[in-house]
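Trainee: Pasting in a structure now, in structure tokens, and then I'll have a few things to ask.
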Amino acid sequence: MIQRKTYLSQLRELKDVQIIKVVAGVRRCGKSTLFELFRNELLQNGVAASNIQHYNLEEPENTNFEHWRDFYYHIKNSLSNEGMNYIFLDEIQMLDNFERLLDGLHILKNVDVYATGSNAYLLSSELATILTGRAVTIEMYPFSFAEYAEYQKIELPSDADLVNYMQIGGFPQALELLAISRSAYEKYLKGLYSTILEKDIKPRNAIYNEVAFENLLRFLSDSIGSPVSSKSIADYFIHTKDTIDDKTVSRYISILNKSYLFYHAHRFDLKGKKMLKTQGKEYIVDCGFRNVLLGRENLSDLGHILENIVYFELLRRGNSVWIGKNVAHEIDFVAKDVNGYTHYYQVCLTMREESTRKRELSAFMNLKNHHPKTVICLDPEEPTYNGIVQRNATKWLLGL
């Protein structure tokens, strides 16, 4: 198994800290495997097997608890009296009133609680109210490019390998099936979407117009890297004869965000120092997923796909990320790292054409600060333009 080092390190840092650790992310991105890796690490470090309990709430044997209290007492009665107990709960959102179970376990002195979930209802106002100050969320994503290269056993990843990743994506089991056949890979990803729709979305949301919902999904998939608004999407659907208003569009986008299929990047006015309500961007959690949903490979759209990949890499590295508005120009990403330092990024396929180079560099004009400024592209050369650094995307994604 690939050692998900970024996430394992976060679990290690929080081990034995009296706070509930919630690993959240899209289905099948590797959350259960992460817990398996961490449990194995605990055993290797001397924790007794009797001090570790693991439950997957989607497995039949764990669905027969009529009330959260029954589950609570089952776990409590199985605790060891010697040392810390580690409780792992997969897909906790499948249990009604799961937040009360988490809260009850949390207050036990010899219990360290870990939970996974596949939708953002784990972060709902109810959970936030009940568990204020007692839970921390670790967001998890499919394989990064570095993890993809490790999985594929690529010793010296090239730009061609990155282009393959841009088309294939990083869902672990999808990559396993791709080694068998392209058909198995595509069927898996289509089935994954159906599972998310049936298990995460429909049970909690009223989708009155499923055709419009799926058309919106495909529209957003085809529009990554482009500013969108609920009104502009609703106006577009008028021309396609889909009857969906801007309020419904907004609600459907929120649903897609909560299921971790899409992530919203807000737009920030650098001059006015304020968040803007309109013209943000939606990024899809996995580009291979996007290509299967659209029914085609978008080799002509690699610039936006690369932008999508850079966005998620910035998130993986612990950054808060916005779209930057610099007067008449747009900066692809304004990122603030865990230490509070700001960095500006532009993303494009190549800087070799003068018109492209002028456009990308002009986005940084008139910024009266000394924050680092980087252009990420597929060009192998890495020149500097008046302090603006150009980075090869493959090297940057690998941390080189």
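Residue numbers start at 1 in each chain; chains themselves are named A, B, ... in the order of the structure tokens; ligands are numbered from 1 in the order shown.
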Quick one: residues within 10 Å of Leu43 in chain A, only C-alpha atoms counted, chain neighbours fewer than 6 positions away excluded, as a PyMOL selection string?

Mentor: chain A and resi 49+51-52

Trainee: Okay, now the selection with all heavy atoms, as a PDB file, in the first residue's frame?

Mentor:
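The result, written out as part_20.pdb:
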ATOM      1  N   ALA A  49      -3.498  -5.267  20.446  1.00  0.00           N
ATOM      2  CA  ALA A  49      -4.640  -5.386  19.537  1.00  0.00           C
ATOM      3  C   ALA A  49      -5.958  -5.198  20.279  1.00  0.00           C
ATOM      4  O   ALA A  49      -6.933  -4.693  19.715  1.00  0.00           O
ATOM      5  CB  ALA A  49      -4.607  -6.750  18.849  1.00  0.00           C
ATOM      6  N   ASN A  51      -6.613  -3.089  22.403  1.00  0.00           N
ATOM      7  CA  ASN A  51      -6.839  -1.661  22.637  1.00  0.00           C
ATOM      8  C   ASN A  51      -7.275  -0.927  21.373  1.00  0.00           C
ATOM      9  O   ASN A  51      -7.381   0.295  21.367  1.00  0.00           O
ATOM     10  CB  ASN A  51      -5.571  -0.999  23.183  1.00  0.00           C
ATOM     11  CG  ASN A  51      -5.316  -1.362  24.630  1.00  0.00           C
ATOM     12  OD1 ASN A  51      -5.177  -2.523  24.953  1.00  0.00           O
ATOM     13  ND2 ASN A  51      -5.264  -0.370  25.496  1.00  0.00           N
ATOM     14  N   ILE A  52      -7.484  -1.683  20.289  1.00  0.00           N
ATOM     15  CA  ILE A  52      -7.890  -1.064  19.022  1.00  0.00           C
ATOM     16  C   ILE A  52      -9.237  -1.655  18.584  1.00  0.00           C
ATOM     17  O   ILE A  52      -9.392  -2.872  18.495  1.00  0.00           O
ATOM     18  CB  ILE A  52      -6.834  -1.304  17.923  1.00  0.00           C
ATOM     19  CG1 ILE A  52      -5.482  -0.705  18.327  1.00  0.00           C
ATOM     20  CG2 ILE A  52      -7.308  -0.717  16.595  1.00  0.00           C
ATOM     21  CD1 ILE A  52      -4.356  -1.026  17.361  1.00  0.00           C
TER      22      ILE A  52
END

Trainee: Report as CSV: every residue of range 335-393 of chain A with an atom at most 8 Å from range 312-327 of chain A, its closest pair of atoms, and their distance in Å to one decimal, counting only C-alpha atoms, with rows sorted by chain and ascending residue number.

Mentor:
residue,atom,partner,partner_atom,distance
A:Ala335,CA,A:Val321,CA,4.6
A:Lys336,CA,A:Ser320,CA,5.2
A:Asp337,CA,A:Asn319,CA,4.4
A:Val338,CA,A:Gly318,CA,6.0
A:Ala363,CA,A:Asn326,CA,6.9
A:Phe364,CA,A:Asn326,CA,7.7
A:Leu367,CA,A:Asn326,CA,7.8

Trainee: DSSP says helix (DSSP H, G or I) for which residues of range 269-347 of chain A? Put them as a VMD selection string?

Mentor: chain A and resid 287 to 294 299 to 316

Trainee: What's the 10 Å shell around Tyr260 in chain A, counting only C-alpha atoms, without same-chain residues fewer than 5 positions away, as a PDB file with C-alpha atoms, in the first residue's frame?

Mentor:
ATOM      1  CA  ALA A  24     -13.279  13.634   5.473  1.00  0.00           C
ATOM      2  CA  GLY A  25     -13.252  13.367   1.713  1.00  0.00           C
ATOM      3  CA  VAL A  26     -14.886  11.932  -1.384  1.00  0.00           C
ATOM      4  CA  ARG A  27     -15.731   8.240  -1.344  1.00  0.00           C
ATOM      5  CA  SER A 118     -17.815  10.924   2.799  1.00  0.00           C
ATOM      6  CA  ASN A 119     -19.816  14.112   2.949  1.00  0.00           C
ATOM      7  CA  ALA A 120     -19.590  17.486   4.599  1.00  0.00           C
ATOM      8  CA  GLU A 139      -9.454  16.627   4.497  1.00  0.00           C
ATOM      9  CA  MET A 140      -8.272  13.817   2.264  1.00  0.00           C
ATOM     10  CA  TYR A 141      -8.085  13.645  -1.535  1.00  0.00           C
ATOM     11  CA  ILE A 196     -22.240   9.008  -4.261  1.00  0.00           C
ATOM     12  CA  SER A 254     -23.759  23.411  -2.487  1.00  0.00           C
ATOM     13  CA  ILE A 255     -24.812  19.750  -2.573  1.00  0.00           C
ATOM     14  CA  ILE A 284     -13.433  18.810  -9.471  1.00  0.00           C
ATOM     15  CA  VAL A 285     -11.870  16.451  -6.950  1.00  0.00           C
TER      16      VAL A 285
END

Trainee: Using DSSP secondary structure from the backbone, list all strand (DSSP E or B) positions within range 232-291 of chain A, as a list in words.

Mentor: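 Taking range 232-291 of chain A and keeping strand (DSSP E or B) only, one gets Phe262, Tyr263, His264, Ala265, His266, Arg267, Phe268, Asp269, Lys274, Met275, Leu276, Lys277, Thr278, Gln279, Gly280, Lys281, Glu282, Tyr283 and Ile284 of chain A.
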
Trainee: Can those selected residues be exported to a file as a CSV table (one decimal), in the first residue's frame so that it contains N, CA and C atoms?

Mentor:
chain,number,residue,atom,x,y,z
A,262,PHE,N,-17.0,18.6,-5.8
A,262,PHE,CA,-16.4,19.8,-6.3
A,262,PHE,C,-16.0,20.7,-5.0
A,263,TYR,N,-15.0,21.5,-5.2
A,263,TYR,CA,-14.5,22.4,-4.2
A,263,TYR,C,-14.6,23.8,-4.7
A,264,HIS,N,-15.1,24.7,-3.9
A,264,HIS,CA,-15.3,26.1,-4.3
A,264,HIS,C,-14.2,27.0,-3.9
A,265,ALA,N,-13.6,27.7,-4.8
A,265,ALA,CA,-12.6,28.7,-4.5
A,265,ALA,C,-13.2,30.1,-4.7
A,266,HIS,N,-13.2,30.8,-3.5
A,266,HIS,CA,-13.8,32.2,-3.5
A,266,HIS,C,-12.8,33.1,-4.2
A,267,ARG,N,-13.4,34.2,-4.7
A,267,ARG,CA,-12.6,35.3,-5.3
A,267,ARG,C,-12.3,36.4,-4.3
A,268,PHE,N,-11.1,36.8,-4.3
A,268,PHE,CA,-10.6,37.8,-3.3
A,268,PHE,C,-10.1,39.1,-4.0
A,269,ASP,N,-10.6,40.2,-3.7
A,269,ASP,CA,-10.2,41.5,-4.3
A,269,ASP,C,-8.9,41.9,-3.5
A,274,LYS,N,-11.0,42.4,0.3
A,274,LYS,CA,-12.3,41.8,0.7
A,274,LYS,C,-12.7,40.6,-0.2
A,275,MET,N,-13.5,39.7,0.4
A,275,MET,CA,-13.9,38.5,-0.4
A,275,MET,C,-15.1,39.0,-1.2
A,276,LEU,N,-15.1,38.5,-2.5
A,276,LEU,CA,-16.2,38.8,-3.4
A,276,LEU,C,-17.2,37.6,-3.5
A,277,LYS,N,-18.4,37.9,-3.6
A,277,LYS,CA,-19.5,36.9,-3.6
A,277,LYS,C,-19.7,36.2,-4.9
A,278,THR,N,-19.2,36.8,-6.0
A,278,THR,CA,-19.5,36.3,-7.3
A,278,THR,C,-18.2,35.9,-8.0
A,279,GLN,N,-18.3,35.1,-9.1
A,279,GLN,CA,-17.3,34.8,-10.0
A,279,GLN,C,-16.1,34.0,-9.4
A,280,GLY,N,-16.5,33.1,-8.4
A,280,GLY,CA,-15.6,32.1,-7.9
A,280,GLY,C,-15.4,31.0,-8.9
A,281,LYS,N,-14.7,30.0,-8.5
A,281,LYS,CA,-14.5,28.8,-9.4
A,281,LYS,C,-14.8,27.5,-8.7
A,282,GLU,N,-15.2,26.5,-9.5
A,282,GLU,CA,-15.4,25.2,-8.9
A,282,GLU,C,-14.3,24.3,-9.5
A,283,TYR,N,-13.7,23.5,-8.6
A,283,TYR,CA,-12.7,22.5,-9.1
A,283,TYR,C,-13.1,21.1,-8.7
A,284,ILE,N,-13.0,20.2,-9.7
A,284,ILE,CA,-13.4,18.8,-9.5
A,284,ILE,C,-12.4,18.0,-8.7

Trainee: For Ser250 in chain A, list every protein, DNA or RNA residue within 12 Å, evaluated using only C-alpha atoms, and leave out those in the same chain fewer than 4 positions away; present the list as a PyMOL selection string.

Mentor: chain A and resi 213+216+228-234+244-246+254-257+264+278

Trainee: Could the residues in this selection be written to a file with N, CA and C atoms, as a compact mmCIF listing (two decimals), in the first residue's frame?

Mentor:
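Resulting contents of part-v6.txt:
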# COMPACT_ATOMS: atom_id res chain seq x y z
N PHE A 213 -29.85 18.35 -12.62
CA PHE A 213 -28.74 18.15 -11.66
C PHE A 213 -27.54 17.54 -12.36
N LEU A 216 -25.96 19.97 -14.72
CA LEU A 216 -25.14 20.93 -13.97
C LEU A 216 -23.80 20.30 -13.62
N VAL A 228 -17.57 31.13 -12.48
CA VAL A 228 -18.98 30.79 -12.66
C VAL A 228 -19.81 31.48 -11.59
N SER A 229 -21.09 31.68 -11.90
CA SER A 229 -22.04 32.20 -10.93
C SER A 229 -23.35 31.48 -11.14
N SER A 230 -24.17 31.42 -10.10
CA SER A 230 -25.46 30.73 -10.21
C SER A 230 -26.32 31.35 -11.29
N LYS A 231 -26.28 32.69 -11.40
CA LYS A 231 -27.12 33.36 -12.39
C LYS A 231 -26.66 33.04 -13.81
N SER A 232 -25.34 33.08 -14.04
CA SER A 232 -24.84 32.81 -15.40
C SER A 232 -25.14 31.37 -15.81
N ILE A 233 -25.07 30.44 -14.86
CA ILE A 233 -25.39 29.05 -15.17
C ILE A 233 -26.87 28.90 -15.47
N ALA A 234 -27.71 29.54 -14.66
CA ALA A 234 -29.16 29.49 -14.89
C ALA A 234 -29.51 30.07 -16.26
N ILE A 244 -34.36 25.58 -14.69
CA ILE A 244 -33.68 25.60 -13.39
C ILE A 244 -33.28 27.03 -13.10
N ASP A 245 -33.73 27.56 -11.94
CA ASP A 245 -33.43 28.96 -11.60
C ASP A 245 -32.13 29.06 -10.83
N ASP A 246 -31.68 30.31 -10.61
CA ASP A 246 -30.37 30.51 -9.99
C ASP A 246 -30.33 30.01 -8.55
N SER A 254 -24.05 23.66 -3.90
CA SER A 254 -23.76 23.41 -2.49
C SER A 254 -23.78 21.92 -2.18
N ILE A 255 -24.73 21.20 -2.77
CA ILE A 255 -24.81 19.75 -2.57
C ILE A 255 -23.56 19.06 -3.13
N LEU A 256 -23.12 19.48 -4.31
CA LEU A 256 -21.92 18.89 -4.91
C LEU A 256 -20.67 19.20 -4.07
N ASN A 257 -20.63 20.38 -3.46
CA ASN A 257 -19.53 20.73 -2.57
C ASN A 257 -19.55 19.85 -1.31
N HIS A 264 -15.14 24.71 -3.91
CA HIS A 264 -15.35 26.09 -4.34
C HIS A 264 -14.18 26.97 -3.90
N THR A 278 -19.21 36.82 -6.00
CA THR A 278 -19.47 36.27 -7.33
C THR A 278 -18.17 35.90 -8.05

Trainee: For the atom pair CA of Ile92 in chain A and CA of Phe171 in chain A, what is the interatomic distance in Å to one decimal place?

Mentor: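 Taking CA of Ile92 in chain A and CA of Phe171 in chain A, their separation equals 21.1 Å.
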
Trainee: To one decimal in Å, tell me the separation between CA of Val211 in chain A and CA of Ser183 in chain A.

Mentor: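 Atom-to-atom, CA of Val211 in chain A to CA of Ser183 in chain A, that is 24.8 Å.
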
Trainee: Can you tell me which residues surround Lys358 in chain A at a distance of at most 12 Å, considering only C-alpha atoms, apart from same-chain residues fewer than 6 positions away, and format the answer as a list of chain:residue names?

Mentor: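 Everything that qualifies: A:His329, A:Thr350, A:Met351, A:Arg352, A:Phe364, A:Met365, A:Val375, A:Tyr385.
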
Trainee: Excluding Glu91 in chain A and its own-chain neighbours fewer than 6 positions away, which residues fall within 9 Å of it when counting only C-alpha atoms? Please give them as a ChimeraX atom specification.

Mentor: /A:32,55-58,115-118

Trainee: Nearest to Gln18 in chain A among A:Leu398, A:Ile107, A:Val389, A:Leu361, with distances taken over only C-alpha atoms: which residue is it?

Mentor: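 Once distances to Gln18 in chain A are computed over only C-alpha atoms, the minimum belongs to A:Ile107.
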
Trainee: Counting only C-alpha atoms, which of A:Glu176, A:Glu198, A:Asp242, A:Glu354 gets nearest to Tyr151 in chain A?

Mentor: A:Glu176

Trainee: Using only C-alpha atoms, determine which residues lie at most 7 Å from range 370-374 of chain A, disregarding the query and same-chain residues fewer than 3 positions distant; provide the list as an mmCIF file with N, CA and C atoms, in the first residue's frame.

Mentor:
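Output saved as part_33.cif:
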data_model
loop_
_atom_site.group_PDB
_atom_site.id
_atom_site.type_symbol
_atom_site.label_atom_id
_atom_site.label_comp_id
_atom_site.auth_asym_id
_atom_site.auth_seq_id
_atom_site.Cartn_x
_atom_site.Cartn_y
_atom_site.Cartn_z
ATOM 1 N N THR A 342 1.815 34.533 2.426
ATOM 2 C CA THR A 342 1.050 34.555 1.182
ATOM 3 C C THR A 342 1.943 34.310 -0.020
ATOM 4 N N HIS A 343 1.410 33.589 -1.001
ATOM 5 C CA HIS A 343 2.148 33.292 -2.226
ATOM 6 C C HIS A 343 1.165 33.385 -3.379
ATOM 7 N N TYR A 344 1.606 33.967 -4.510
ATOM 8 C CA TYR A 344 0.753 34.104 -5.690
ATOM 9 C C TYR A 344 1.183 33.103 -6.767
ATOM 10 N N TYR A 345 0.182 32.507 -7.454
ATOM 11 C CA TYR A 345 0.470 31.519 -8.490
ATOM 12 C C TYR A 345 -0.328 31.790 -9.755
ATOM 13 N N GLN A 346 0.338 31.636 -10.891
ATOM 14 C CA GLN A 346 -0.303 31.561 -12.195
ATOM 15 C C GLN A 346 -0.031 30.177 -12.764
ATOM 16 N N ILE A 388 9.796 37.140 -10.574
ATOM 17 C CA ILE A 388 8.730 36.159 -10.746
ATOM 18 C C ILE A 388 9.366 34.846 -11.215
ATOM 19 N N VAL A 389 9.142 33.775 -10.456
ATOM 20 C CA VAL A 389 9.802 32.501 -10.725
ATOM 21 C C VAL A 389 8.920 31.615 -11.592
ATOM 22 N N GLN A 390 9.503 31.032 -12.634
ATOM 23 C CA GLN A 390 8.790 30.055 -13.459
ATOM 24 C C GLN A 390 9.209 28.656 -13.020
ATOM 25 N N ARG A 391 8.226 27.793 -12.739
ATOM 26 C CA ARG A 391 8.521 26.434 -12.290
ATOM 27 C C ARG A 391 7.928 25.397 -13.228
#

Trainee: Of the residues A:Ile309, A:Cys377, A:Leu197, A:Val23, which is the one nearest to Gly288 in chain A, using only C-alpha atoms?

Mentor: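 Closest to Gly288 in chain A, using only C-alpha atoms: A:Ile309.
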
Trainee: Which is closest to Asp222 in chain A among A:Pro380, A:Gly30, A:Pro60, A:Gly295, if we use only C-alpha atoms?

Mentor: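 Under the stated criterion, the closest residue is A:Gly295.
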
Trainee: I need the residue nearest Asp112 in chain A from this list: A:Asn164, A:Gln53, A:Thr129, A:Asn205. Use only C-alpha atoms for the distance.

Mentor: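 Comparing A:Asn164, A:Gln53, A:Thr129, A:Asn205 against Asp112 in chain A, the winner is A:Gln53.
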
Trainee: Please report, as JSON lines, each residue of range 146-214 of chain A lying at most 12 Å from range 5-17 of chain A, together with the nearest pair of atoms and the separation in Å rounded to one decimal; use only C-alpha atoms, and order rows by chain and ascending residue number.

Mentor:
{"residue": "A:Ala146", "atom": "CA", "partner": "A:Lys5", "partner_atom": "CA", "distance": 10.9}
{"residue": "A:Glu147", "atom": "CA", "partner": "A:Lys5", "partner_atom": "CA", "distance": 9.3}
{"residue": "A:Glu150", "atom": "CA", "partner": "A:Lys5", "partner_atom": "CA", "distance": 11.8}

Trainee: If you keep N, CA, C and O atoms, can you produce a file of those selected residues as a PDB file, in the first residue's frame?

Mentor:
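Final output, result.pdb:
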ATOM      1  N   ALA A 146       2.583  12.894  -6.977  1.00  0.00           N
ATOM      2  CA  ALA A 146       3.708  12.174  -6.357  1.00  0.00           C
ATOM      3  C   ALA A 146       3.274  10.785  -5.906  1.00  0.00           C
ATOM      4  O   ALA A 146       4.006   9.799  -6.094  1.00  0.00           O
ATOM      5  N   GLU A 147       2.075  10.673  -5.340  1.00  0.00           N
ATOM      6  CA  GLU A 147       1.570   9.374  -4.902  1.00  0.00           C
ATOM      7  C   GLU A 147       1.243   8.487  -6.097  1.00  0.00           C
ATOM      8  O   GLU A 147       1.475   7.267  -6.067  1.00  0.00           O
ATOM      9  N   GLU A 150       4.438   7.085  -7.324  1.00  0.00           N
ATOM     10  CA  GLU A 150       4.885   6.022  -6.418  1.00  0.00           C
ATOM     11  C   GLU A 150       4.086   4.740  -6.672  1.00  0.00           C
ATOM     12  O   GLU A 150       4.646   3.643  -6.719  1.00  0.00           O
TER      13      GLU A 150
END

Trainee: Work out how far apart CA of Gly170 in chain A and CA of Tyr148 in chain A are and give it in Å to one decimal.

Mentor: 6.3 Å
